[in-house]
>>> print(open('query15.txt').read())   # compact mmCIF, C-alpha atoms and all ligand atoms
# COMPACT_ATOMS: atom_id res chain seq x y z
CA MET A 1 3.31 -35.98 39.89
CA LYS A 2 1.55 -36.99 43.11
CA ILE A 3 0.74 -40.65 43.43
CA ILE A 4 -0.94 -42.71 46.16
CA MET A 5 -0.36 -46.45 46.46
CA LEU A 6 -3.34 -48.42 47.76
CA GLY A 7 -3.47 -52.12 48.53
CA ALA A 8 -3.55 -54.72 51.28
CA PRO A 9 -0.54 -55.28 53.53
CA GLY A 10 2.00 -57.17 51.45
CA ALA A 11 0.36 -56.35 48.10
CA GLY A 12 3.64 -54.88 46.89
CA LYS A 13 3.02 -51.16 47.48
CA GLY A 14 6.54 -50.61 48.79
CA THR A 15 8.17 -52.66 46.03
CA GLN A 16 6.35 -50.73 43.28
CA ALA A 17 6.66 -47.34 45.02
CA LYS A 18 10.45 -47.68 45.06
CA MET A 19 10.50 -48.44 41.32
CA ILE A 20 8.15 -45.52 40.57
CA ALA A 21 10.30 -43.18 42.69
CA GLU A 22 13.40 -44.16 40.74
CA LYS A 23 11.87 -43.89 37.27
CA TYR A 24 9.92 -40.66 37.79
CA LYS A 25 12.52 -39.04 40.10
CA VAL A 26 10.14 -38.33 42.97
CA PRO A 27 10.66 -39.24 46.65
CA HIS A 28 9.14 -42.44 48.04
CA VAL A 29 7.29 -41.51 51.23
CA SER A 30 6.26 -44.47 53.38
CA THR A 31 4.62 -43.82 56.75
CA GLY A 32 5.47 -47.40 57.77
CA ASP A 33 9.17 -46.75 57.02
CA ILE A 34 9.05 -43.47 58.97
CA PHE A 35 7.55 -45.28 61.98
CA ARG A 36 10.09 -48.12 61.74
CA ALA A 37 12.98 -45.62 61.60
CA ASN A 38 11.58 -43.95 64.74
CA ILE A 39 11.26 -47.31 66.51
CA LYS A 40 14.86 -48.14 65.61
CA ASN A 41 16.07 -44.77 66.94
CA GLY A 42 14.01 -45.13 70.14
CA THR A 43 12.08 -41.85 69.72
CA GLU A 44 8.86 -41.03 71.61
CA LEU A 45 6.89 -41.32 68.35
CA GLY A 46 8.50 -44.72 67.74
CA LYS A 47 7.54 -45.98 71.20
CA LYS A 48 3.92 -44.94 70.72
CA ALA A 49 3.70 -46.29 67.15
CA LYS A 50 5.20 -49.67 68.09
CA GLU A 51 2.35 -50.43 70.52
CA TYR A 52 -0.12 -50.32 67.64
CA MET A 53 2.05 -51.78 64.90
CA ASP A 54 2.98 -54.91 66.84
CA LYS A 55 -0.73 -55.70 67.23
CA GLY A 56 -1.42 -55.07 63.56
CA GLN A 57 -3.54 -52.01 64.36
CA LEU A 58 -3.34 -48.58 62.75
CA VAL A 59 -1.38 -45.85 64.47
CA PRO A 60 -3.95 -43.14 65.44
CA ASP A 61 -4.62 -40.45 62.82
CA GLU A 62 -3.43 -37.67 65.20
CA LEU A 63 0.09 -39.08 65.18
CA THR A 64 0.19 -40.10 61.54
CA VAL A 65 -1.22 -37.07 59.77
CA GLU A 66 1.26 -34.63 61.28
CA ILE A 67 4.37 -36.60 60.37
CA LEU A 68 3.10 -37.08 56.82
CA LEU A 69 2.28 -33.39 56.32
CA ASP A 70 5.73 -32.43 57.68
CA ARG A 71 7.39 -34.84 55.30
CA VAL A 72 5.59 -33.69 52.14
CA ALA A 73 6.25 -30.04 53.03
CA GLN A 74 9.99 -30.65 52.58
CA GLU A 75 11.83 -29.23 49.60
CA ASP A 76 12.38 -32.56 47.81
CA CYS A 77 8.60 -33.14 47.61
CA LYS A 78 7.98 -29.89 45.72
CA ASN A 79 7.58 -31.57 42.34
CA GLY A 80 5.68 -34.60 43.57
CA TYR A 81 5.97 -37.82 45.53
CA VAL A 82 4.72 -41.35 45.77
CA LEU A 83 2.85 -42.03 49.01
CA ASP A 84 3.06 -45.62 50.24
CA GLY A 85 0.83 -46.52 53.20
CA PHE A 86 -0.87 -43.14 53.45
CA PRO A 87 -3.76 -42.38 53.47
CA ARG A 88 -5.10 -45.45 55.24
CA THR A 89 -8.39 -44.07 56.57
CA ILE A 90 -11.04 -41.74 55.12
CA PRO A 91 -10.13 -38.96 57.64
CA GLN A 92 -6.47 -39.17 56.53
CA ALA A 93 -7.56 -38.88 52.88
CA ASP A 94 -9.76 -35.88 53.72
CA VAL A 95 -6.87 -34.07 55.45
CA LEU A 96 -4.55 -34.69 52.51
CA ASP A 97 -7.20 -33.49 50.08
CA LYS A 98 -7.81 -30.33 52.12
CA GLU A 99 -4.10 -29.50 52.45
CA LEU A 100 -3.50 -29.98 48.73
CA THR A 101 -6.57 -27.91 47.81
CA LYS A 102 -5.18 -25.07 49.94
CA LEU A 103 -2.05 -25.16 47.76
CA GLY A 104 -4.14 -25.28 44.56
CA ASP A 105 -2.92 -28.83 44.07
CA LYS A 106 -4.30 -32.39 43.92
CA VAL A 107 -3.40 -36.08 43.81
CA ASP A 108 -2.92 -37.25 40.21
CA PHE A 109 -3.26 -41.03 40.55
CA ALA A 110 -4.35 -43.52 43.21
CA ILE A 111 -2.94 -46.90 42.20
CA ASN A 112 -4.57 -49.94 43.76
CA VAL A 113 -2.28 -52.97 43.77
CA ASP A 114 -4.83 -55.76 43.85
CA VAL A 115 -3.85 -59.06 45.53
CA PRO A 116 -6.34 -61.53 47.08
CA ASP A 117 -6.00 -62.31 50.81
CA GLU A 118 -4.93 -65.92 50.21
CA ASN A 119 -1.71 -64.78 48.48
CA ILE A 120 -0.87 -62.29 51.22
CA VAL A 121 0.05 -64.51 54.17
CA ARG A 122 2.43 -66.53 51.98
CA ARG A 123 4.15 -63.38 50.77
CA MET A 124 4.57 -61.90 54.20
CA SER A 125 6.15 -64.97 55.74
CA GLY A 126 8.88 -64.85 53.08
CA ARG A 127 9.58 -61.13 53.29
CA ARG A 128 12.95 -59.99 54.58
CA ALA A 129 13.75 -56.32 55.06
CA CYS A 130 16.84 -54.19 55.53
CA LEU A 131 16.23 -51.81 58.42
CA LYS A 132 19.21 -49.69 57.38
CA CYS A 133 18.33 -48.75 53.76
CA GLY A 134 14.73 -49.96 53.45
CA ALA A 135 15.33 -52.53 50.67
CA THR A 136 12.84 -55.43 50.65
CA TYR A 137 13.34 -59.02 49.52
CA HIS A 138 11.39 -62.24 49.37
CA ILE A 139 13.17 -65.51 50.15
CA GLU A 140 11.53 -67.24 47.13
CA HIS A 141 10.47 -64.52 44.67
CA ILE A 142 13.11 -61.80 45.12
CA PRO A 143 16.03 -63.34 47.03
CA PRO A 144 19.14 -61.34 47.96
CA LYS A 145 22.40 -62.44 46.26
CA GLN A 146 23.77 -63.65 49.60
CA GLU A 147 21.31 -65.16 52.07
CA GLY A 148 20.42 -62.79 54.92
CA ILE A 149 22.51 -59.87 53.58
CA CYS A 150 21.23 -56.72 51.85
CA ASP A 151 22.45 -56.37 48.22
CA VAL A 152 22.35 -52.58 48.49
CA CYS A 153 24.17 -51.81 51.73
CA GLY A 154 25.49 -55.12 53.09
CA SER A 155 23.48 -54.97 56.34
CA GLU A 156 21.78 -57.94 57.94
CA LEU A 157 18.22 -58.68 56.73
CA VAL A 158 15.45 -59.22 59.29
CA GLN A 159 11.86 -60.41 59.39
CA ARG A 160 9.55 -57.58 60.43
CA ASP A 161 7.93 -58.00 63.88
CA ASP A 162 4.48 -57.54 62.34
CA ASP A 163 4.95 -60.25 59.68
CA LYS A 164 4.02 -63.15 61.99
CA PRO A 165 0.96 -64.97 60.58
CA GLU A 166 -1.42 -64.00 63.44
CA THR A 167 -0.49 -60.31 63.14
CA VAL A 168 -0.85 -60.46 59.36
CA GLN A 169 -4.44 -61.72 59.77
CA ASN A 170 -5.15 -58.75 62.01
CA ARG A 171 -3.59 -56.30 59.55
CA LEU A 172 -5.75 -57.79 56.80
CA SER A 173 -8.99 -57.29 58.73
CA VAL A 174 -7.97 -53.74 59.66
CA TYR A 175 -7.26 -53.16 55.96
CA HIS A 176 -10.71 -54.38 54.89
CA GLU A 177 -12.47 -52.30 57.53
CA GLN A 178 -10.59 -49.03 57.40
CA THR A 179 -8.51 -48.76 54.23
CA GLN A 180 -10.45 -50.57 51.50
CA PRO A 181 -13.19 -47.86 51.50
CA LEU A 182 -10.53 -45.56 50.00
CA ILE A 183 -10.86 -47.50 46.73
CA ASP A 184 -14.40 -46.12 46.30
CA TYR A 185 -13.29 -42.72 47.61
CA TYR A 186 -10.67 -42.30 44.86
CA ASN A 187 -12.85 -43.99 42.25
CA GLU A 188 -15.46 -41.31 42.84
CA LYS A 189 -12.77 -38.67 42.32
CA GLY A 190 -11.97 -40.32 38.97
CA ILE A 191 -8.29 -40.99 39.71
CA LEU A 192 -8.36 -44.67 40.74
CA LYS A 193 -6.38 -47.17 38.65
CA SER A 194 -6.22 -50.85 39.62
CA VAL A 195 -3.38 -53.17 38.64
CA ASP A 196 -3.09 -56.94 39.04
CA GLY A 197 -0.58 -57.33 41.87
CA THR A 198 -0.39 -61.13 41.58
CA LYS A 199 1.81 -60.86 38.49
CA ASP A 200 5.59 -60.79 38.49
CA MET A 201 6.89 -57.51 39.96
CA GLN A 202 8.27 -56.31 36.59
CA ASP A 203 4.90 -56.99 34.91
CA VAL A 204 3.09 -55.09 37.65
CA PHE A 205 5.50 -52.21 37.10
CA SER A 206 4.88 -52.23 33.31
CA GLU A 207 1.16 -51.97 33.99
CA ILE A 208 1.80 -49.00 36.28
CA THR A 209 4.09 -47.16 33.83
CA GLY A 210 1.41 -47.70 31.17
CA ILE A 211 -0.92 -45.71 33.41
CA LEU A 212 1.51 -43.01 34.53
CA GLY A 213 2.93 -42.54 31.04
P1 LIG B 1 3.38 -50.49 56.28
O1 LIG B 1 4.83 -50.54 56.46
O2 LIG B 1 2.79 -49.54 55.33
O3 LIG B 1 2.86 -51.95 56.03
P2 LIG B 1 1.66 -52.52 55.13
O4 LIG B 1 0.70 -51.65 54.50
O5 LIG B 1 1.08 -53.56 56.00
O6 LIG B 1 2.35 -52.96 53.89
P3 LIG B 1 3.64 -53.75 53.77
O7 LIG B 1 4.82 -52.87 53.85
O8 LIG B 1 3.57 -54.93 54.71
O9 LIG B 1 3.45 -54.35 52.32
P4 LIG B 1 3.73 -53.69 50.89
O10 LIG B 1 2.42 -53.55 50.19
O11 LIG B 1 4.61 -52.50 50.99
O12 LIG B 1 4.46 -54.91 50.22
P5 LIG B 1 6.00 -55.14 49.85
O13 LIG B 1 6.35 -54.34 48.65
O14 LIG B 1 6.89 -55.06 51.04
O15 LIG B 1 2.71 -50.20 57.73
C1 LIG B 1 3.08 -50.94 58.87
C2 LIG B 1 2.25 -50.47 60.06
O16 LIG B 1 2.52 -49.08 60.31
C3 LIG B 1 0.73 -50.56 59.88
O17 LIG B 1 0.23 -51.83 60.19
C4 LIG B 1 0.28 -49.46 60.87
O18 LIG B 1 0.31 -49.94 62.20
C5 LIG B 1 1.36 -48.40 60.73
N1 LIG B 1 1.00 -47.38 59.71
C6 LIG B 1 1.68 -47.09 58.56
N2 LIG B 1 1.08 -46.10 57.88
C7 LIG B 1 -0.01 -45.74 58.61
C8 LIG B 1 -1.06 -44.80 58.40
N3 LIG B 1 -1.12 -44.04 57.30
N4 LIG B 1 -2.02 -44.72 59.36
C9 LIG B 1 -1.98 -45.49 60.47
N5 LIG B 1 -1.04 -46.41 60.71
C10 LIG B 1 -0.06 -46.55 59.78
O19 LIG B 1 5.88 -56.68 49.38
C11 LIG B 1 5.58 -57.71 50.31
C12 LIG B 1 6.43 -58.96 50.00
O20 LIG B 1 6.07 -59.50 48.74
C13 LIG B 1 7.94 -58.65 49.90
O21 LIG B 1 8.66 -59.73 50.41
C14 LIG B 1 8.17 -58.48 48.40
O22 LIG B 1 9.51 -58.77 48.05
C15 LIG B 1 7.18 -59.47 47.80
N6 LIG B 1 6.62 -59.03 46.52
C16 LIG B 1 6.33 -57.74 46.14
N7 LIG B 1 5.80 -57.73 44.89
C17 LIG B 1 5.74 -59.03 44.50
C18 LIG B 1 5.27 -59.68 43.30
N8 LIG B 1 4.71 -58.97 42.28
N9 LIG B 1 5.33 -61.02 43.26
C19 LIG B 1 5.87 -61.75 44.30
N10 LIG B 1 6.33 -61.19 45.45
C20 LIG B 1 6.26 -59.86 45.53
MG MG B 2 5.56 -51.48 52.61
>>> encode(input="query15.txt", output="structure tokens", more="lines below")
Ligand code: AP5
Ligand code: MG
Amino acid sequence: MKIIMLGAPGAGKGTQAKMIAEKYKVPHVSTGDIFRANIKNGTELGKKAKEYMDKGQLVPDELTVEILLDRVAQEDCKNGYVLDGFPRTIPQADVLDKELTKLGDKVDFAINVDVPDENIVRRMSGRRACLKCGATYHIEHIPPKQEGICDVCGSELVQRDDDKPETVQNRLSVYHEQTQPLIDYYNEKGILKSVDGTKDMQDVFSEITGILG
């Protein structure tokens, strides 16, 4: 099963993608997580990506497409995957479509996690993330058992550099300009499913499993 998660920054794509990955036993592939791991390890790709990410802009397609195609070509992606944060532009979607067509394959579902802009800034300011294992929390909605410490691996939780309110506003406008058109793109392909992302995370997940079966 090949699934794409669509939605504004902070809509809950990562939260739901992790739950989907666990239930349907497919890898969770997040381009944002790949970039953040590269930044943490000080790689060339990380250095380049950070310049864009810190401003709330998209990393150029030339850099992004290649790392994504490399990742989904790995053995563990053979039976499917859930893509979180890719594609984010029409050219990225076209490349993915072309590569899958070559393999006689296709995306099965594009799930749009719908959350209005006014809810987003509030969510982002409360997000805390574990840079070691990728777990995500929210200080009010999904708090860790011990403040500031990851439940999964015990590492320290941090606020992402791009979660400052002014950067979030920028990410939202970039989303509306460049990523939102993908909703029509996948709707025209007949695989778009929208879920109400303002509900409790378990209720959002029930809606998604109702779609995926
Ligand atoms: P990326 O890491 O993908 O960030 P994003 O799209 O901005 O999305 P987020 O991770 O911020 O939000 P999310 O939807 O995953 O929400 P989450 O589940 O964490 O990308 C970062 C940057 O990398 C981009 O800006 C760009 O520069 C670059 N990049 C990445 N991919 C790229 C690409 N393909 N092309 C070009 N550039 C790319 O939830 C948010 C918060 O809300 C959390 O605290 C969570 O606990 C909480 N929450 C989740 N669900 C609920 C709920 N139902 N109710 C209440 N709270 C909830
Ligand atoms: Mg995410």
>>> residues_near_point(input="query15.txt", point="(-2.2, -47.6, 47.3)", cutoff="10 Å", atoms="only C-alpha atoms", output="PyMOL selection string")
chain A and resi 3-8+11-14+16-17+82-88+109-114+179-180+182-183+192-194
>>> closest_residue(input="query15.txt", among="A:Lys40, A:Lys18, A:Lys106, A:Lys132", to="ligand LIG 1 (chain B)", atoms="only C-alpha atoms and all ligand atoms")
A:Lys18
>>> residues_around(input="query15.txt", residues="Arg122 of chain A", least_positions_apart="6", cutoff="12 Å", atoms="all atoms listed in the file", output="NGL selection string")
:A and (9-11 or 115-116 or 138-141 or 163-165 or 168-169)
>>> atom_distance(input="query15.txt", atom1="atom CA of Thr43 of chain A", atom2="atom CA of Pro60 of chain A")
16.6 Å
>>> residues_around(input="query15.txt", residues="Tyr24 of chain A", least_positions_apart="3", cutoff="10 Å", atoms="only C-alpha atoms", output="PDB file with C-alpha atoms, keeping the file's coordinate frame")
ATOM      1  CA  MET A   1       3.310 -35.980  39.890  1.00  0.00           C
ATOM      2  CA  MET A  19      10.500 -48.440  41.320  1.00  0.00           C
ATOM      3  CA  ILE A  20       8.150 -45.520  40.570  1.00  0.00           C
ATOM      4  CA  ALA A  21      10.300 -43.180  42.690  1.00  0.00           C
ATOM      5  CA  PRO A  27      10.660 -39.240  46.650  1.00  0.00           C
ATOM      6  CA  GLY A  80       5.680 -34.600  43.570  1.00  0.00           C
ATOM      7  CA  TYR A  81       5.970 -37.820  45.530  1.00  0.00           C
ATOM      8  CA  VAL A  82       4.720 -41.350  45.770  1.00  0.00           C
ATOM      9  CA  THR A 209       4.090 -47.160  33.830  1.00  0.00           C
ATOM     10  CA  LEU A 212       1.510 -43.010  34.530  1.00  0.00           C
ATOM     11  CA  GLY A 213       2.930 -42.540  31.040  1.00  0.00           C
TER      12      GLY A 213
END
>>> closest_residue(input="query15.txt", among="A:Leu63, A:Gln178, A:Ile208, A:Pro91", to="Glu44 of chain A", atoms="all atoms listed in the file")
A:Leu63
>>> atom_distance(input="query15.txt", atom1="atom O5 of ligand LIG 1 (chain B)", atom2="atom CA of Arg171 of chain A")
6.5 Å
>>> atom_distance(input="query15.txt", atom1="atom N1 of ligand LIG 1 (chain B)", atom2="atom CA of Gly32 of chain A")
4.9 Å
>>> axis_aligned_box(input="query15.txt", around="ligand LIG 1 (chain B)", padding_each_side="6 Å", output="JSON")
{"center_x": 3.7, "center_y": -52.9, "center_z": 52.2, "size_x": 23.5, "size_y": 29.7, "size_z": 31.9}
>>> closest_residue(input="query15.txt", among="A:Ile142, A:Glu99, A:Arg127, A:Val72", to="Val158 of chain A", atoms="all atoms listed in the file")
A:Arg127
>>> decode(input="query15.txt", residues="segment 20-62 of chain A", atoms="N, CA and C atoms", output="mmCIF file, in the first residue's frame")
data_model
loop_
_atom_site.group_PDB
_atom_site.id
_atom_site.type_symbol
_atom_site.label_atom_id
_atom_site.label_comp_id
_atom_site.auth_asym_id
_atom_site.auth_seq_id
_atom_site.Cartn_x
_atom_site.Cartn_y
_atom_site.Cartn_z
ATOM 1 N N ILE A 20 -0.150 4.971 11.066
ATOM 2 C CA ILE A 20 -0.438 4.161 9.865
ATOM 3 C C ILE A 20 0.690 3.160 9.659
ATOM 4 N N ALA A 21 1.937 3.644 9.779
ATOM 5 C CA ALA A 21 3.110 2.790 9.544
ATOM 6 C C ALA A 21 3.081 1.589 10.481
ATOM 7 N N GLU A 22 2.704 1.841 11.733
ATOM 8 C CA GLU A 22 2.682 0.752 12.714
ATOM 9 C C GLU A 22 1.574 -0.252 12.399
ATOM 10 N N LYS A 23 0.377 0.258 12.116
ATOM 11 C CA LYS A 23 -0.757 -0.649 11.895
ATOM 12 C C LYS A 23 -0.616 -1.454 10.600
ATOM 13 N N TYR A 24 -0.173 -0.787 9.536
ATOM 14 C CA TYR A 24 -0.151 -1.470 8.236
ATOM 15 C C TYR A 24 1.233 -2.025 7.892
ATOM 16 N N LYS A 25 2.176 -1.908 8.850
ATOM 17 C CA LYS A 25 3.519 -2.484 8.693
ATOM 18 C C LYS A 25 4.223 -2.034 7.412
ATOM 19 N N VAL A 26 4.202 -0.712 7.223
ATOM 20 C CA VAL A 26 4.947 -0.111 6.101
ATOM 21 C C VAL A 26 5.852 0.985 6.676
ATOM 22 N N PRO A 27 6.991 1.282 6.046
ATOM 23 C CA PRO A 27 7.850 2.335 6.587
ATOM 24 C C PRO A 27 7.240 3.729 6.469
ATOM 25 N N HIS A 28 7.544 4.558 7.461
ATOM 26 C CA HIS A 28 7.132 5.968 7.468
ATOM 27 C C HIS A 28 8.295 6.764 6.881
ATOM 28 N N VAL A 29 8.057 7.383 5.727
ATOM 29 C CA VAL A 29 9.135 8.119 5.058
ATOM 30 C C VAL A 29 8.812 9.605 5.102
ATOM 31 N N SER A 30 9.581 10.357 5.894
ATOM 32 C CA SER A 30 9.345 11.792 6.026
ATOM 33 C C SER A 30 10.562 12.543 5.504
ATOM 34 N N THR A 31 10.368 13.354 4.464
ATOM 35 C CA THR A 31 11.510 14.127 3.933
ATOM 36 C C THR A 31 12.008 15.128 4.984
ATOM 37 N N GLY A 32 11.080 15.692 5.776
ATOM 38 C CA GLY A 32 11.496 16.615 6.837
ATOM 39 C C GLY A 32 12.415 15.911 7.832
ATOM 40 N N ASP A 33 12.047 14.679 8.234
ATOM 41 C CA ASP A 33 12.885 13.914 9.177
ATOM 42 C C ASP A 33 14.246 13.596 8.555
ATOM 43 N N ILE A 34 14.261 13.275 7.263
ATOM 44 C CA ILE A 34 15.540 12.966 6.592
ATOM 45 C C ILE A 34 16.428 14.216 6.605
ATOM 46 N N PHE A 35 15.835 15.380 6.292
ATOM 47 C CA PHE A 35 16.618 16.622 6.325
ATOM 48 C C PHE A 35 17.126 16.915 7.740
ATOM 49 N N ARG A 36 16.247 16.748 8.733
ATOM 50 C CA ARG A 36 16.665 17.053 10.117
ATOM 51 C C ARG A 36 17.777 16.113 10.578
ATOM 52 N N ALA A 37 17.718 14.853 10.166
ATOM 53 C CA ALA A 37 18.796 13.912 10.531
ATOM 54 C C ALA A 37 20.105 14.363 9.882
ATOM 55 N N ASN A 38 20.036 14.850 8.645
ATOM 56 C CA ASN A 38 21.239 15.335 7.954
ATOM 57 C C ASN A 38 21.791 16.601 8.607
ATOM 58 N N ILE A 39 20.894 17.466 9.074
ATOM 59 C CA ILE A 39 21.350 18.689 9.758
ATOM 60 C C ILE A 39 22.085 18.291 11.045
ATOM 61 N N LYS A 40 21.478 17.357 11.774
ATOM 62 C CA LYS A 40 22.062 16.915 13.048
ATOM 63 C C LYS A 40 23.440 16.293 12.819
ATOM 64 N N ASN A 41 23.595 15.557 11.715
ATOM 65 C CA ASN A 41 24.877 14.891 11.450
ATOM 66 C C ASN A 41 25.863 15.783 10.693
ATOM 67 N N GLY A 42 25.448 17.033 10.408
ATOM 68 C CA GLY A 42 26.352 17.993 9.773
ATOM 69 C C GLY A 42 26.743 17.633 8.343
ATOM 70 N N THR A 43 25.885 16.943 7.598
ATOM 71 C CA THR A 43 26.218 16.586 6.210
ATOM 72 C C THR A 43 26.063 17.809 5.287
ATOM 73 N N GLU A 44 26.628 17.687 4.075
ATOM 74 C CA GLU A 44 26.488 18.751 3.071
ATOM 75 C C GLU A 44 25.013 19.009 2.761
ATOM 76 N N LEU A 45 24.257 17.908 2.565
ATOM 77 C CA LEU A 45 22.823 18.043 2.292
ATOM 78 C C LEU A 45 22.143 18.794 3.436
ATOM 79 N N GLY A 46 22.496 18.436 4.669
ATOM 80 C CA GLY A 46 21.921 19.091 5.844
ATOM 81 C C GLY A 46 22.195 20.585 5.852
ATOM 82 N N LYS A 47 23.444 20.952 5.523
ATOM 83 C CA LYS A 47 23.810 22.375 5.527
ATOM 84 C C LYS A 47 22.979 23.148 4.515
ATOM 85 N N LYS A 48 22.835 22.544 3.319
ATOM 86 C CA LYS A 48 22.051 23.228 2.273
ATOM 87 C C LYS A 48 20.584 23.313 2.682
ATOM 88 N N ALA A 49 20.023 22.204 3.175
ATOM 89 C CA ALA A 49 18.592 22.166 3.517
ATOM 90 C C ALA A 49 18.267 23.169 4.629
ATOM 91 N N LYS A 50 19.163 23.288 5.600
ATOM 92 C CA LYS A 50 18.903 24.155 6.764
ATOM 93 C C LYS A 50 18.658 25.613 6.363
ATOM 94 N N GLU A 51 19.413 26.080 5.349
ATOM 95 C CA GLU A 51 19.229 27.463 4.888
ATOM 96 C C GLU A 51 17.778 27.743 4.524
ATOM 97 N N TYR A 52 17.152 26.788 3.855
ATOM 98 C CA TYR A 52 15.765 26.973 3.421
ATOM 99 C C TYR A 52 14.801 26.728 4.574
ATOM 100 N N MET A 53 15.037 25.648 5.307
ATOM 101 C CA MET A 53 14.086 25.252 6.353
ATOM 102 C C MET A 53 13.955 26.324 7.429
ATOM 103 N N ASP A 54 15.067 26.924 7.820
ATOM 104 C CA ASP A 54 15.017 27.934 8.881
ATOM 105 C C ASP A 54 14.199 29.158 8.468
ATOM 106 N N LYS A 55 14.085 29.382 7.152
ATOM 107 C CA LYS A 55 13.278 30.520 6.685
ATOM 108 C C LYS A 55 11.829 30.112 6.412
ATOM 109 N N GLY A 56 11.557 28.820 6.546
ATOM 110 C CA GLY A 56 10.202 28.349 6.266
ATOM 111 C C GLY A 56 9.951 28.132 4.789
ATOM 112 N N GLN A 57 11.048 28.119 3.995
ATOM 113 C CA GLN A 57 10.892 27.885 2.546
ATOM 114 C C GLN A 57 11.066 26.410 2.227
ATOM 115 N N LEU A 58 10.677 26.021 1.016
ATOM 116 C CA LEU A 58 10.883 24.635 0.594
ATOM 117 C C LEU A 58 12.333 24.434 0.158
ATOM 118 N N VAL A 59 12.855 23.269 0.441
ATOM 119 C CA VAL A 59 14.159 22.878 -0.083
ATOM 120 C C VAL A 59 13.956 22.645 -1.588
ATOM 121 N N PRO A 60 14.902 23.099 -2.457
ATOM 122 C CA PRO A 60 14.651 22.959 -3.902
ATOM 123 C C PRO A 60 14.381 21.507 -4.333
ATOM 124 N N ASP A 61 13.527 21.362 -5.352
ATOM 125 C CA ASP A 61 13.148 20.037 -5.849
ATOM 126 C C ASP A 61 14.363 19.175 -6.209
ATOM 127 N N GLU A 62 15.423 19.796 -6.781
ATOM 128 C CA GLU A 62 16.603 19.014 -7.212
ATOM 129 C C GLU A 62 17.187 18.234 -6.048
#
